[in-house]
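These notes are about the structure you will find just below.
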Amino acid sequence: MAAPSMKERQACWGARDAYWKCLDENTEDASQCKKLRSSFESSCPQQWIKYFDKRRDYLKFKEKFEAGEFQPSRTTEKS
Amino acid sequence: MLARAPKAWHGLFLLRPLALPRIQGAEAGQVRYRLLARQGPAETGKPGQPRGPRLQTRLLITALIGAGLGGAWLALRAEKEQWRQQQRTEALRRAAVGQGDFSLLDHRGQVRCKADFRGQWVLIYFGFTHCPDICPDELEKLVQVVRQLEAEPGLPPVQPLFITVDPERDDVAAMARYVQDFHPRLLGLTGSAEQIAQVSRSYRVYYSAGPKDEDQDYIVDHSIAIYLLSPDGLFTDYYGRARSAQQITDSVRGHMAAFRSVLH
């Protein structure tokens, strides 16, 4: 399987950004962004979708952590 | 000095009569000669007398010896420093040939080794063509640096290189398709799994292919850094993900200005 071309990459990133923007606007409620999700899935290789989903989780956590909103769980606190 | 001088003379004359009987039979002229000869040392040697000339002489000798020792120490130190510099240059010369050497195929199928790039500044990025976002971003940044430096008159040319860490999928044709999107002079380098393992080791690049999905697709996890090699082929600097194109351009320009070749 050939790697996506520059054009395909840009199409994928565009679809990803549109989907992520929708999630931001709907407080992470994916049911509101089904159309954009399917566009994202059809624009990107499957591996990339998995990768970008994890990446969004990481970026969200990072955002929270940097804003000081992240609270470690009690068990973590004790150990 | 003036006030004390007469007293000194007086003292000397008092000594004379005592000295005379011991040299009986001696001619008067001889005695006088001896007396005169004694005057100098007797005058300066007396306690409480001004010791000007002798102290000055002593100080002068001490200063000369000190200066001599100091000079010798400085000379030895300079020699040692020169020797160390020579050793360092020699070590660098050896490293320039051996360090980070590779023999890979470029995206036109031509064999390329590190020595081919001697005389040019080289920027290297390690990645893979199926990379979702980081590699294209970093390569875009790398070629932006090359373009910025190209636009400045009087600067030596910079050769951008992209070395794959996914030799299984990134053959010559895949590399050719990939590099054309970035810069006309960007060279994509690939090789056997062993060759890629070897070049990655010598640049301390970590990479690990992830699990394959049903499409046989996978993501390669790898360290992200742009490496700068000097025209001698020596590793000169590296730039992590946080560095902007402008910061890298400024850094490379600084290295160019400070560069002095260690090769003959």
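Ligands are numbered from 1 in the order shown, chains are lettered A, B, ... in the order of the structure tokens, and residues start at 1 in each chain.
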Closest atom pairs, residues of chain B within 12 Å of chain A, only C-alpha atoms, as JSON lines:
```
{"residue": "B:Phe128", "atom": "CA", "partner": "A:Ala3", "partner_atom": "CA", "distance": 9.3}
{"residue": "B:Thr129", "atom": "CA", "partner": "A:Ala3", "partner_atom": "CA", "distance": 5.9}
{"residue": "B:His130", "atom": "CA", "partner": "A:Ala3", "partner_atom": "CA", "distance": 4.9}
{"residue": "B:Cys131", "atom": "CA", "partner": "A:Ala3", "partner_atom": "CA", "distance": 8.2}
{"residue": "B:Pro132", "atom": "CA", "partner": "A:Trp48", "partner_atom": "CA", "distance": 5.9}
{"residue": "B:Asp133", "atom": "CA", "partner": "A:Trp13", "partner_atom": "CA", "distance": 8.4}
{"residue": "B:Ile134", "atom": "CA", "partner": "A:Arg55", "partner_atom": "CA", "distance": 11.4}
{"residue": "B:Cys135", "atom": "CA", "partner": "A:Arg9", "partner_atom": "CA", "distance": 11.6}
{"residue": "B:Pro136", "atom": "CA", "partner": "A:Met6", "partner_atom": "CA", "distance": 8.8}
{"residue": "B:Asp137", "atom": "CA", "partner": "A:Arg9", "partner_atom": "CA", "distance": 11.2}
{"residue": "B:Glu140", "atom": "CA", "partner": "A:Met6", "partner_atom": "CA", "distance": 11.3}
{"residue": "B:Asp166", "atom": "CA", "partner": "A:Ala3", "partner_atom": "CA", "distance": 11.7}
{"residue": "B:Glu168", "atom": "CA", "partner": "A:Met1", "partner_atom": "CA", "distance": 11.6}
{"residue": "B:Arg169", "atom": "CA", "partner": "A:Ala2", "partner_atom": "CA", "distance": 8.3}
{"residue": "B:Asp170", "atom": "CA", "partner": "A:Ala3", "partner_atom": "CA", "distance": 9.0}
{"residue": "B:Asp171", "atom": "CA", "partner": "A:Ala2", "partner_atom": "CA", "distance": 10.5}
{"residue": "B:Ala173", "atom": "CA", "partner": "A:Ala2", "partner_atom": "CA", "distance": 9.9}
{"residue": "B:Ala174", "atom": "CA", "partner": "A:Ala2", "partner_atom": "CA", "distance": 7.2}
{"residue": "B:Met175", "atom": "CA", "partner": "A:Ala3", "partner_atom": "CA", "distance": 9.7}
{"residue": "B:Ala176", "atom": "CA", "partner": "A:Ser5", "partner_atom": "CA", "distance": 11.4}
{"residue": "B:Arg177", "atom": "CA", "partner": "A:Ser5", "partner_atom": "CA", "distance": 7.8}
{"residue": "B:Tyr178", "atom": "CA", "partner": "A:Ser5", "partner_atom": "CA", "distance": 7.1}
{"residue": "B:Val179", "atom": "CA", "partner": "A:Met6", "partner_atom": "CA", "distance": 9.9}
{"residue": "B:Gln180", "atom": "CA", "partner": "A:Met6", "partner_atom": "CA", "distance": 9.5}
{"residue": "B:Asp181", "atom": "CA", "partner": "A:Met6", "partner_atom": "CA", "distance": 6.4}
{"residue": "B:Phe182", "atom": "CA", "partner": "A:Met6", "partner_atom": "CA", "distance": 9.0}
{"residue": "B:Gly210", "atom": "CA", "partner": "A:Gln47", "partner_atom": "CA", "distance": 10.2}
{"residue": "B:Pro211", "atom": "CA", "partner": "A:Gln47", "partner_atom": "CA", "distance": 10.0}
{"residue": "B:Lys212", "atom": "CA", "partner": "A:Gln47", "partner_atom": "CA", "distance": 8.8}
{"residue": "B:Asp213", "atom": "CA", "partner": "A:Gln47", "partner_atom": "CA", "distance": 7.4}
{"residue": "B:Glu214", "atom": "CA", "partner": "A:Gln46", "partner_atom": "CA", "distance": 9.4}
{"residue": "B:Asp215", "atom": "CA", "partner": "A:Met1", "partner_atom": "CA", "distance": 8.0}
{"residue": "B:Gln216", "atom": "CA", "partner": "A:Met1", "partner_atom": "CA", "distance": 8.1}
{"residue": "B:Asp217", "atom": "CA", "partner": "A:Gln47", "partner_atom": "CA", "distance": 6.5}
{"residue": "B:Tyr218", "atom": "CA", "partner": "A:Gln47", "partner_atom": "CA", "distance": 6.4}
{"residue": "B:Ile219", "atom": "CA", "partner": "A:Gln47", "partner_atom": "CA", "distance": 7.1}
{"residue": "B:Val220", "atom": "CA", "partner": "A:Gln47", "partner_atom": "CA", "distance": 10.9}
{"residue": "B:Asp221", "atom": "CA", "partner": "A:Tyr51", "partner_atom": "CA", "distance": 11.1}
```
Practice task
Output as a ChimeraX atom specification all residues of chain A that backbone DSSP marks as alpha helix (DSSP H).
Solution key: /A:6-25,34-43,46-66,74-78
Problem - Residues flagged strand (DSSP E or B) by DSSP in range 62-227 of chain B, as an NGL selection string - result: :B and (103-106 or 111-113 or 121-127 or 158-164 or 187-190 or 207-209 or 220-222 or 226-227)
Completion exercise
Between CA of Leu186 in chain B and CA of Leu155 in chain B lies a distance of 18.1 Å
Practice task
Within 10 Å of Tyr207 in chain B, counting only C-alpha atoms, which residues show up once you throw out same-chain ones fewer than 6 positions away? Write them as a list of chain:residue names, please.
Solution key: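 Result of the neighbour search: B:Phe126, B:Gly127, B:Val165, B:Asp166, B:Ala197, B:Ser200, B:Arg201, B:Val220, B:Asp221, B:His222, B:Ser223, B:Ile224.
For the pair CA of Arg88 in chain B and CA of Gly71 in chain B, the interatomic distance is 25.4 Å.
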Handout entry: Residue neighbourhood Arg118 in chain B, 6 Å, only C-alpha atoms, exclusion window fewer than 3 positions, as a PyMOL selection string
Key = chain B and resi 115+231-233
Handout entry: Test item: residues at most 9 Å from Gln99 in chain B, only C-alpha atoms, excluding those fewer than 4 positions along its chain, as an MDAnalysis selection string
Key = chainID B and resid 94:95 202:203 233:235
Next, the residues of the selection above should be written as a PDB file, in the first residue's frame with C-alpha atoms.
```
ATOM      1  CA  ARG B  94      39.362  10.588  12.510  1.00  0.00           C
ATOM      2  CA  ALA B  95      35.721  11.111  13.530  1.00  0.00           C
ATOM      3  CA  SER B 202      25.260   5.818  14.697  1.00  0.00           C
ATOM      4  CA  TYR B 203      22.916   8.833  14.960  1.00  0.00           C
ATOM      5  CA  GLY B 233      31.052  15.508   7.905  1.00  0.00           C
ATOM      6  CA  LEU B 234      31.111  16.020  11.666  1.00  0.00           C
ATOM      7  CA  PHE B 235      27.960  16.005  13.746  1.00  0.00           C
TER       8      PHE B 235
END
```
Handout entry: Of the listed residues A:Asp57, A:Ser43, A:Lys50, A:Gln71, that which approaches Leu23 in chain A most closely, counting only C-alpha atoms
Key =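 For Leu23 in chain A, the nearest of the candidates is A:Asp57.
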Handout entry: Shell of 9 Å around Ala15 in chain A, only C-alpha atoms, local chain residues under 5 positions omitted, as a list in words
Key =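 Result of the neighbour search: Gln10, Trp20, Leu36, Arg37, Ser39, Phe40, Glu41, Ser42, Ser43 and Cys44 of chain A.
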Okay, now the selection with N, CA, C and O atoms, as a tab-separated table (two decimals), in the first residue's frame?
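Output below, filename selection35.tsv:
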```
chain	number	residue	atom	x	y	z
A	10	GLN	N	-3.21	16.22	3.01
A	10	GLN	CA	-3.89	17.47	3.34
A	10	GLN	C	-5.41	17.26	3.46
A	10	GLN	O	-6.03	17.86	4.35
A	20	TRP	N	-12.52	17.43	14.71
A	20	TRP	CA	-12.04	17.86	16.05
A	20	TRP	C	-12.71	19.17	16.47
A	20	TRP	O	-13.03	19.37	17.64
A	36	LEU	N	-19.17	14.26	10.17
A	36	LEU	CA	-17.76	14.65	10.05
A	36	LEU	C	-16.83	13.48	10.38
A	36	LEU	O	-15.76	13.35	9.80
A	37	ARG	N	-17.32	12.63	11.30
A	37	ARG	CA	-16.52	11.45	11.65
A	37	ARG	C	-16.40	10.53	10.43
A	37	ARG	O	-15.30	10.04	10.14
A	39	SER	N	-16.61	11.37	7.33
A	39	SER	CA	-15.76	12.03	6.33
A	39	SER	C	-14.28	11.87	6.72
A	39	SER	O	-13.43	11.59	5.87
A	40	PHE	N	-14.01	12.01	8.01
A	40	PHE	CA	-12.65	11.83	8.54
A	40	PHE	C	-12.17	10.41	8.24
A	40	PHE	O	-11.07	10.20	7.72
A	41	GLU	N	-13.05	9.42	8.51
A	41	GLU	CA	-12.67	8.02	8.31
A	41	GLU	C	-12.44	7.68	6.84
A	41	GLU	O	-11.59	6.86	6.52
A	42	SER	N	-13.20	8.35	5.96
A	42	SER	CA	-13.02	8.03	4.54
A	42	SER	C	-11.84	8.78	3.92
A	42	SER	O	-11.39	8.43	2.83
A	43	SER	N	-11.35	9.81	4.61
A	43	SER	CA	-10.24	10.59	4.06
A	43	SER	C	-8.86	10.11	4.52
A	43	SER	O	-7.84	10.54	3.95
A	44	CYS	N	-8.83	9.30	5.56
A	44	CYS	CA	-7.54	8.93	6.14
A	44	CYS	C	-7.36	7.41	6.19
A	44	CYS	O	-8.35	6.69	6.33
```
